[in-house]
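start-v1.cif (mmCIF, C-alpha atoms and all ligand atoms)
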```
data_input
loop_
_atom_site.label_atom_id
_atom_site.label_comp_id
_atom_site.auth_asym_id
_atom_site.auth_seq_id
_atom_site.Cartn_x
_atom_site.Cartn_y
_atom_site.Cartn_z
CA MET A 160 0.00 0.00 0.00
CA GLU A 161 1.39 3.36 -1.02
CA ILE A 162 0.13 6.45 0.80
CA THR A 163 0.74 9.98 -0.54
CA ARG A 164 -0.61 13.21 0.94
CA VAL A 165 -2.89 15.21 -1.33
CA GLY A 166 -3.77 18.12 0.98
CA ALA A 167 -1.94 20.23 3.53
CA ALA A 168 -4.57 19.98 6.29
CA LEU A 169 -5.97 16.55 5.43
CA GLY A 170 -6.25 14.00 2.66
CA ALA A 171 -4.08 11.20 1.23
CA ARG A 172 -4.17 8.94 -1.79
CA VAL A 173 -3.88 5.21 -1.21
CA GLU A 174 -2.66 3.01 -4.05
CA GLY A 175 -2.33 -0.75 -4.17
CA LEU A 176 -5.39 -1.90 -2.24
CA ALA A 177 -6.52 -5.29 -3.51
CA LEU A 178 -10.24 -4.64 -3.04
CA ASP A 179 -11.27 -7.46 -5.40
CA ARG A 180 -9.45 -10.08 -3.30
CA GLY A 181 -10.51 -8.65 0.08
CA LEU A 182 -8.10 -7.10 2.57
CA ASP A 183 -6.19 -9.14 5.12
CA ALA A 184 -6.02 -8.00 8.75
CA ALA A 185 -2.68 -6.21 8.27
CA ALA A 186 -4.01 -4.23 5.30
CA VAL A 187 -7.17 -3.24 7.22
CA GLU A 188 -5.01 -2.08 10.13
CA GLN A 189 -2.79 -0.02 7.81
CA LEU A 190 -5.79 1.49 6.06
CA TYR A 191 -7.42 2.46 9.36
CA ALA A 192 -4.17 3.98 10.63
CA ALA A 193 -3.98 6.04 7.43
CA LEU A 194 -7.58 7.16 7.93
CA LEU A 195 -6.81 8.32 11.48
CA GLU A 196 -3.73 10.18 10.28
CA HIS A 197 -5.09 11.77 7.08
CA LYS A 198 -8.88 11.89 7.79
CA VAL A 199 -9.80 11.55 4.09
CA LEU A 200 -8.46 8.78 1.86
CA VAL A 201 -8.72 8.70 -1.93
CA VAL A 202 -8.68 5.12 -3.21
CA PRO A 203 -8.81 4.33 -6.94
CA ALA A 204 -11.42 1.55 -7.18
CA PRO A 205 -12.67 1.48 -10.80
CA THR A 206 -13.91 -2.12 -10.65
CA MET A 207 -15.25 -2.25 -7.07
CA THR A 208 -18.68 -3.93 -6.84
CA PRO A 209 -21.37 -3.12 -4.22
CA ASP A 210 -20.54 -6.44 -2.51
CA GLN A 211 -16.86 -5.47 -2.27
CA HIS A 212 -17.92 -2.01 -1.06
CA MET A 213 -19.95 -3.57 1.78
CA ALA A 214 -17.13 -6.02 2.56
CA LEU A 215 -14.68 -3.13 2.93
CA GLY A 216 -17.13 -1.37 5.27
CA ARG A 217 -17.54 -4.55 7.32
CA ALA A 218 -13.77 -4.90 7.57
CA LEU A 219 -13.79 -1.59 9.48
CA GLY A 220 -16.90 -2.23 11.60
CA GLU A 221 -20.67 -2.62 11.50
CA ILE A 222 -22.28 -1.00 8.45
CA GLU A 223 -25.52 0.96 8.74
CA VAL A 224 -28.66 1.57 6.73
CA HIS A 225 -28.74 5.34 6.17
CA ALA A 226 -31.55 7.19 7.93
CA PHE A 227 -33.01 8.79 4.82
CA PHE A 228 -30.99 8.28 1.62
CA PRO A 229 -32.47 5.76 -0.85
CA ASN A 230 -30.51 2.52 -1.21
CA LEU A 231 -29.85 -0.25 -3.73
CA GLY A 232 -32.75 -2.36 -2.42
CA PRO A 233 -33.14 -5.93 -1.09
CA GLY A 234 -29.81 -7.36 0.02
CA TYR A 235 -28.11 -4.01 -0.58
CA GLU A 236 -29.90 -1.76 1.94
CA HIS A 237 -26.49 -0.79 3.34
CA VAL A 238 -25.46 0.79 0.05
CA SER A 239 -27.15 4.18 -0.15
CA VAL A 240 -27.49 6.06 -3.41
CA LEU A 241 -26.95 9.74 -4.11
CA ASP A 242 -28.40 10.34 -7.53
CA SER A 243 -28.50 13.92 -8.80
CA ASP A 244 -31.38 12.95 -11.14
CA ASP A 245 -33.54 12.26 -8.04
CA GLY A 246 -32.45 15.55 -6.53
CA THR A 247 -30.48 13.71 -3.80
CA THR A 248 -27.69 16.13 -2.97
CA ALA A 249 -25.47 16.82 0.01
CA SER A 250 -24.71 20.41 -0.85
CA MET A 251 -24.47 21.87 2.64
CA TRP A 252 -21.56 21.43 5.02
CA HIS A 253 -22.14 18.50 7.38
CA SER A 254 -20.72 15.56 9.22
CA ASP A 255 -22.86 12.50 8.50
CA GLU A 256 -26.03 11.85 10.51
CA THR A 257 -25.07 13.81 13.62
CA PHE A 258 -28.73 13.65 14.70
CA LEU A 259 -27.92 10.07 15.78
CA GLU A 260 -26.59 9.25 19.22
CA HIS A 261 -23.91 7.18 17.47
CA PRO A 262 -23.12 9.02 14.21
CA PRO A 263 -21.06 7.03 11.68
CA MET A 264 -17.36 6.74 12.42
CA GLY A 265 -16.72 6.93 8.70
CA THR A 266 -18.23 6.88 5.24
CA MET A 267 -16.99 5.42 1.95
CA THR A 268 -18.38 7.03 -1.18
CA HIS A 269 -17.80 5.54 -4.64
CA ALA A 270 -18.12 7.60 -7.83
CA LYS A 271 -20.29 5.68 -10.31
CA GLU A 272 -21.13 8.50 -12.74
CA LEU A 273 -19.72 11.98 -12.86
CA PRO A 274 -20.60 15.19 -14.64
CA ALA A 275 -18.09 16.42 -17.26
CA VAL A 276 -17.06 19.26 -14.95
CA GLY A 277 -17.93 20.34 -11.41
CA GLY A 278 -19.43 18.32 -8.56
CA ASP A 279 -16.23 18.29 -6.48
CA THR A 280 -16.43 17.49 -2.77
CA LEU A 281 -14.82 19.74 -0.21
CA PHE A 282 -13.65 18.41 3.17
CA CYS A 283 -12.42 20.26 6.22
CA SER A 284 -10.46 19.12 9.25
CA THR A 285 -12.55 19.99 12.30
CA ALA A 286 -9.49 19.24 14.43
CA ALA A 287 -7.28 21.75 12.61
CA ALA A 288 -10.10 24.30 12.86
CA TYR A 289 -10.42 23.74 16.61
CA GLN A 290 -6.65 24.03 17.10
CA ALA A 291 -6.65 27.43 15.38
CA LEU A 292 -9.19 28.97 17.77
CA SER A 293 -7.95 31.42 20.37
CA PRO A 294 -7.37 30.13 23.93
CA GLY A 295 -10.27 32.32 25.08
CA MET A 296 -12.69 30.79 22.55
CA LYS A 297 -11.51 27.28 23.46
CA ARG A 298 -12.26 28.01 27.13
CA TYR A 299 -15.67 29.45 26.22
CA LEU A 300 -16.63 26.31 24.26
CA GLU A 301 -15.47 23.90 26.97
CA GLY A 302 -18.35 21.79 28.30
CA LEU A 303 -20.96 23.18 25.87
CA THR A 304 -23.35 20.79 24.15
CA ALA A 305 -25.56 21.29 21.09
CA VAL A 306 -28.77 19.74 19.82
CA HIS A 307 -28.56 18.04 16.39
CA ASP A 308 -31.88 17.40 14.68
CA LEU A 309 -32.85 15.68 11.43
CA ALA A 310 -35.87 18.04 11.27
CA ASN A 311 -33.39 20.89 10.74
CA ILE A 312 -33.04 19.90 7.05
CA ALA A 313 -36.82 19.74 6.63
CA MET A 314 -37.05 23.19 8.22
CA LEU A 315 -34.44 24.59 5.79
CA ARG A 316 -36.21 22.94 2.85
CA ASN A 317 -39.54 24.35 4.03
CA ARG A 318 -38.05 27.84 3.90
CA PHE A 319 -37.22 27.16 0.24
CA GLY A 320 -40.75 26.04 -0.54
CA ALA A 321 -41.01 22.34 0.46
CA PRO A 322 -44.47 21.51 1.84
CA TRP A 323 -45.25 22.11 5.49
CA ASP A 324 -46.44 18.51 6.06
CA GLN A 325 -42.87 17.21 5.37
CA LEU A 326 -41.59 19.45 8.13
CA ALA A 327 -44.42 18.41 10.48
CA GLU A 328 -43.58 14.74 9.78
CA ALA A 329 -39.84 15.30 10.39
CA ILE A 330 -40.55 17.06 13.68
CA ALA A 331 -42.90 14.25 14.75
CA GLY A 332 -40.13 11.73 13.90
CA GLU A 333 -38.02 13.12 16.77
CA ARG A 334 -34.63 12.14 15.31
CA TRP A 335 -32.45 14.34 17.47
CA THR A 336 -29.68 14.09 20.03
CA ARG A 337 -27.02 16.11 21.86
CA HIS A 338 -23.26 16.16 21.26
CA PRO A 339 -20.43 18.15 22.82
CA VAL A 340 -19.56 21.24 20.74
CA VAL A 341 -15.93 20.14 21.03
CA ARG A 342 -15.61 16.41 20.54
CA THR A 343 -12.68 14.25 21.62
CA HIS A 344 -11.78 11.73 18.93
CA PRO A 345 -12.21 8.26 20.48
CA GLU A 346 -9.04 6.88 18.85
CA THR A 347 -6.58 9.76 18.47
CA GLY A 348 -7.66 11.83 21.50
CA GLU A 349 -7.59 14.91 19.24
CA GLN A 350 -10.20 17.55 19.96
CA GLY A 351 -12.31 18.92 17.14
CA LEU A 352 -15.36 21.08 16.58
CA PHE A 353 -18.54 19.04 16.20
CA VAL A 354 -21.25 21.40 14.96
CA ASN A 355 -22.52 21.70 11.38
CA PRO A 356 -25.11 23.85 9.60
CA THR A 357 -27.10 20.88 8.28
CA TYR A 358 -28.11 19.22 11.55
CA THR A 359 -27.07 21.42 14.49
CA ARG A 360 -30.09 23.28 15.87
CA PHE A 361 -28.86 25.26 18.87
CA ILE A 362 -26.36 25.32 21.71
CA ASP A 363 -27.77 24.26 25.06
CA GLY A 364 -27.97 26.76 27.86
CA LEU A 365 -26.85 29.87 25.96
CA PRO A 366 -29.18 32.83 25.44
CA PRO A 367 -30.63 32.18 21.94
CA ASP A 368 -29.14 35.31 20.35
CA GLU A 369 -25.70 34.43 21.72
CA GLY A 370 -25.86 30.85 20.39
CA ASP A 371 -27.30 32.06 17.08
CA MET A 372 -24.30 34.35 16.68
CA LEU A 373 -21.75 31.73 17.72
CA LEU A 374 -22.85 28.84 15.48
CA PRO A 375 -22.44 30.67 12.13
CA PHE A 376 -19.00 31.80 13.27
CA LEU A 377 -18.01 28.19 14.01
CA TYR A 378 -19.39 26.99 10.66
CA ARG A 379 -17.46 29.65 8.72
CA HIS A 380 -14.32 29.12 10.74
CA GLN A 381 -14.22 25.37 10.02
CA ALA A 382 -14.67 25.97 6.28
CA LYS A 383 -11.69 28.33 5.94
CA GLU A 384 -9.46 27.27 3.05
CA GLN A 385 -6.48 26.38 5.22
CA PHE A 386 -8.47 23.57 6.88
CA THR A 387 -9.81 22.08 3.64
CA TYR A 388 -9.08 19.56 0.92
CA ARG A 389 -11.02 19.76 -2.37
CA HIS A 390 -11.48 16.51 -4.25
CA ARG A 391 -11.98 16.53 -8.00
CA TRP A 392 -13.46 13.11 -8.66
CA ALA A 393 -12.21 10.65 -11.27
CA PRO A 394 -14.52 7.78 -12.32
CA GLY A 395 -14.26 4.89 -9.84
CA ASP A 396 -12.72 6.94 -7.03
CA LEU A 397 -13.61 5.72 -3.56
CA LEU A 398 -13.34 8.33 -0.83
CA ILE A 399 -13.19 7.23 2.79
CA TRP A 400 -13.57 9.89 5.45
CA ASP A 401 -13.32 9.95 9.22
CA ASN A 402 -16.71 11.41 10.15
CA ARG A 403 -15.49 12.19 13.68
CA ALA A 404 -12.83 14.62 12.47
CA THR A 405 -14.23 16.18 9.30
CA MET A 406 -17.13 17.97 7.66
CA HIS A 407 -17.83 17.88 3.92
CA ILE A 408 -19.96 19.43 1.20
CA ALA A 409 -20.72 18.17 -2.32
CA LEU A 410 -20.61 21.23 -4.57
CA ASN A 411 -23.82 21.72 -6.52
CA ASP A 412 -22.06 23.48 -9.41
CA PHE A 413 -22.55 20.96 -12.20
CA GLU A 414 -24.89 20.02 -15.02
CA GLY A 415 -25.49 16.40 -16.01
CA HIS A 416 -25.57 13.22 -14.01
CA ARG A 417 -23.73 12.57 -10.74
CA LEU A 418 -24.26 9.16 -9.13
CA MET A 419 -22.57 8.01 -5.94
CA TYR A 420 -22.89 4.81 -3.90
CA ARG A 421 -22.05 5.15 -0.23
CA VAL A 422 -21.56 2.88 2.79
CA SER A 423 -21.23 4.21 6.34
CA VAL A 424 -19.66 2.42 9.30
CA VAL A 425 -21.40 2.80 12.69
CA GLY A 426 -19.56 4.93 15.26
CA THR A 427 -19.58 5.28 19.02
CA ALA A 428 -21.18 7.89 21.28
CA SER A 429 -19.44 11.28 21.31
CA ARG A 430 -17.71 12.68 24.37
O1 LIG B 501 -21.60 13.14 -2.90
C1 LIG B 501 -20.62 13.51 -2.26
O2 LIG B 501 -19.60 13.91 -2.78
C2 LIG B 501 -20.67 13.53 -0.77
C3 LIG B 501 -21.85 12.79 -0.26
C4 LIG B 501 -22.21 13.14 1.12
O3 LIG B 501 -22.19 14.27 1.53
C5 LIG B 501 -22.61 12.07 2.00
O4 LIG B 501 -22.61 10.93 1.56
O5 LIG B 501 -22.87 12.36 3.17
#
```

As a first step, turn the structure in this file into structure tokens.
Amino acid sequence: MEITRVGAALGARVEGLALDRGLDAAAVEQLYAALLEHKVLVVPAPTMTPDQHMALGRALGEIEVHAFFPNLGPGYEHVSVLDSDDGTTASMWHSDETFLEHPPMGTMTHAKELPAVGGDTLFCSTAAAYQALSPGMKRYLEGLTAVHDLANIAMLRNRFGAPWDQLAEAIAGERWTRHPVVRTHPETGEQGLFVNPTYTRFIDGLPPDEGDMLLPFLYRHQAKEQFTYRHRWAPGDLLIWDNRATMHIALNDFEGHRLMYRVSVVGTASR
């Protein structure tokens, strides 16, 4: 396995993974160590099948059925599908499914069809962003928790014209939880910001106007260029990201068809 950095803050390319034969324990260990170090891995996988995709996920842990993305159907419920023709996009900064008590530890997304230009994905290191905060801001954030809510997306969509009953249904679904605003990575011990504009609703215990001022600052801060890696997809690329240490956004700046298959690996509770 050959590992080369592709970004200053995060990101590495991994060559030489024998995905068609399945990885042995040593290869899985090396891959996971690279994921912890680089946070986003780019793996060329032009011939990877959905079965091999799931097998790779299972090599790293338990794979999940995504809370709301469509999937490949019977036997392949763990492979969710992001199809631009269905309007399935992920074009707001987020870490995956943070409305869950145990958000995924990581996600593996495989490019099946790509537009001629555009549709890149941007990642940021939430750990690098946290490190760059002033000591005073770090002290201020210590011990704060925030509510993350799936209904937040329905609320945003409603503001852009989606029907009210979808929002009412999402609220009734009560898919929400709390996480620390600064999360300690369970494996590396690194601290990182853990709020995102897609799912985070509010910060507990702060006066609303104070929290409403702070959250947009934290979102913008994390997305500063120096904390990011921008991936221009090639057909068959598999991207693996550490969902505990990154946010990402798929740029909605393309015409044509963009089709991605994705598998997420279940994570642990945040602390
Ligand atoms: O389509 C992409 O590039 C990213 C997909 C995404 O945001 C997700 O799977 O959570």

Discussion item. Which residues are near ligand LIG 501 (chain B) in this structure, taking near to mean any atom at most 9 Å from a ligand atom and counting all atoms listed in the file? Format them as a PyMOL selection string.
Written reply: chain A and resi 228+239-242+247-256+266-270+278-281+390+392+398+406-410+417-423

Worksheet entry | Atom pair atom CA of A:Asn402 / atom CA of A:Met264: separation (Å) | 5.2 Å

If we count only C-alpha atoms and set the cut-off at 8 Å, which residues sit around stretch 283-296 of chain A, ignoring sequence neighbours fewer than 5 positions away in its own chain? Please answer as a compact mmCIF listing (two decimals) with C-alpha atoms, in the coordinates of the input.
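And here is the file that came out, around26.txt:
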```
# COMPACT_ATOMS: atom_id res chain seq x y z
CA ALA A 168 -4.57 19.98 6.29
CA LEU A 169 -5.97 16.55 5.43
CA LYS A 198 -8.88 11.89 7.79
CA VAL A 341 -15.93 20.14 21.03
CA GLU A 349 -7.59 14.91 19.24
CA GLN A 350 -10.20 17.55 19.96
CA GLY A 351 -12.31 18.92 17.14
CA LEU A 352 -15.36 21.08 16.58
CA PHE A 353 -18.54 19.04 16.20
CA HIS A 380 -14.32 29.12 10.74
CA GLN A 381 -14.22 25.37 10.02
CA ALA A 382 -14.67 25.97 6.28
CA PHE A 386 -8.47 23.57 6.88
CA THR A 387 -9.81 22.08 3.64
CA TYR A 388 -9.08 19.56 0.92
CA ALA A 404 -12.83 14.62 12.47
CA THR A 405 -14.23 16.18 9.30
CA MET A 406 -17.13 17.97 7.66
CA HIS A 407 -17.83 17.88 3.92
```

Practice prompt. Using all atoms listed in the file, find the one residue out of A:Pro262, A:Pro356, A:Pro322, A:Gly246 that sits nearest to A:Thr427.
Written response: A:Pro262

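Counting all atoms listed in the file, the residue from A:Ala204, A:Arg379, A:Gly395, A:Asp368 that sits nearest to A:Leu273 is A:Gly395.
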
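Excluding A:Leu373 and any residue on its chain fewer than 5 positions from it, the residues at most 10 Å away by all atoms listed in the file are Leu300, Phe361, Ile362, Leu365, Pro367, Asp368 and Tyr378 of chain A.
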
Could you write out the selected residues, including C-alpha atoms, as a short mmCIF file (atom, residue, chain, number, x, y, z; two decimals), in the frame of the given file?
```cif
data_model
loop_
_atom_site.label_atom_id
_atom_site.label_comp_id
_atom_site.auth_asym_id
_atom_site.auth_seq_id
_atom_site.Cartn_x
_atom_site.Cartn_y
_atom_site.Cartn_z
CA LEU A 300 -16.63 26.31 24.26
CA PHE A 361 -28.86 25.26 18.87
CA ILE A 362 -26.36 25.32 21.71
CA LEU A 365 -26.85 29.87 25.96
CA PRO A 367 -30.63 32.18 21.94
CA ASP A 368 -29.14 35.31 20.35
CA TYR A 378 -19.39 26.99 10.66
#
```

Discussion item. Can you pull out the residues contacting stretch 174-179 of chain A? Cut-off 10 Å, using only C-alpha atoms, and skip same-chain residues under 4 positions away; I want them as a list in words.
Written reply: Met160, Glu161, Ile162, Thr163, Asp183, Ala186, Val187, Leu190, Val201, Val202, Pro203, Ala204, Thr206, Met207, Thr208, Asp210, Gln211, His212, Ala214 and Leu215 of chain A

Item to complete: Please return, as a PyMOL selection string, all polymer residues that have at least one atom within 12 Å of the point (-25.6, 14.0, 14.1); use all atoms listed in the file and the file's own coordinate frame.
Response: chain A and resi 226+253-264+305-312+334-340+353-360+402-403+406+426-429

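Among the candidate residues A:Lys383, A:Arg180, A:His197, A:Arg164, the one lying nearest to A:Trp400 is A:His197, with distances computed using all atoms listed in the file.
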
Item to complete: Could you give me, as a list in words, the residues that sit within 10 Å of (-14.7, 21.0, -15.0) in the file's coordinates, counting all atoms listed in the file?
Response: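 Taken together, the residues in range are Pro274, Ala275, Val276, Gly277, Gly278, Asp279, Arg391, Asp412 and Phe413 of chain A.
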
Restrict the selected residues to C-alpha atoms and save them as a short mmCIF file (atom, residue, chain, number, x, y, z; two decimals), in the coordinates of the input.
```cif
data_model
loop_
_atom_site.label_atom_id
_atom_site.label_comp_id
_atom_site.auth_asym_id
_atom_site.auth_seq_id
_atom_site.Cartn_x
_atom_site.Cartn_y
_atom_site.Cartn_z
CA PRO A 274 -20.60 15.19 -14.64
CA ALA A 275 -18.09 16.42 -17.26
CA VAL A 276 -17.06 19.26 -14.95
CA GLY A 277 -17.93 20.34 -11.41
CA GLY A 278 -19.43 18.32 -8.56
CA ASP A 279 -16.23 18.29 -6.48
CA ARG A 391 -11.98 16.53 -8.00
CA ASP A 412 -22.06 23.48 -9.41
CA PHE A 413 -22.55 20.96 -12.20
#
```

Practice prompt. Could you check how far atom CA of A:Ala167 sits from atom CA of A:Ile399, in Å to one decimal?
Written response: 17.2 Å

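As for atom CA of A:Val199 and atom CA of A:Val173, they are spaced 10.2 Å apart.
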
Discussion item. Let me make sure I understand: among A:Pro345, A:Gly370, A:Gly234, A:Gly216, which one has the smallest atom-to-atom distance to A:Leu182 if we use only C-alpha atoms?
Written reply: A:Gly216
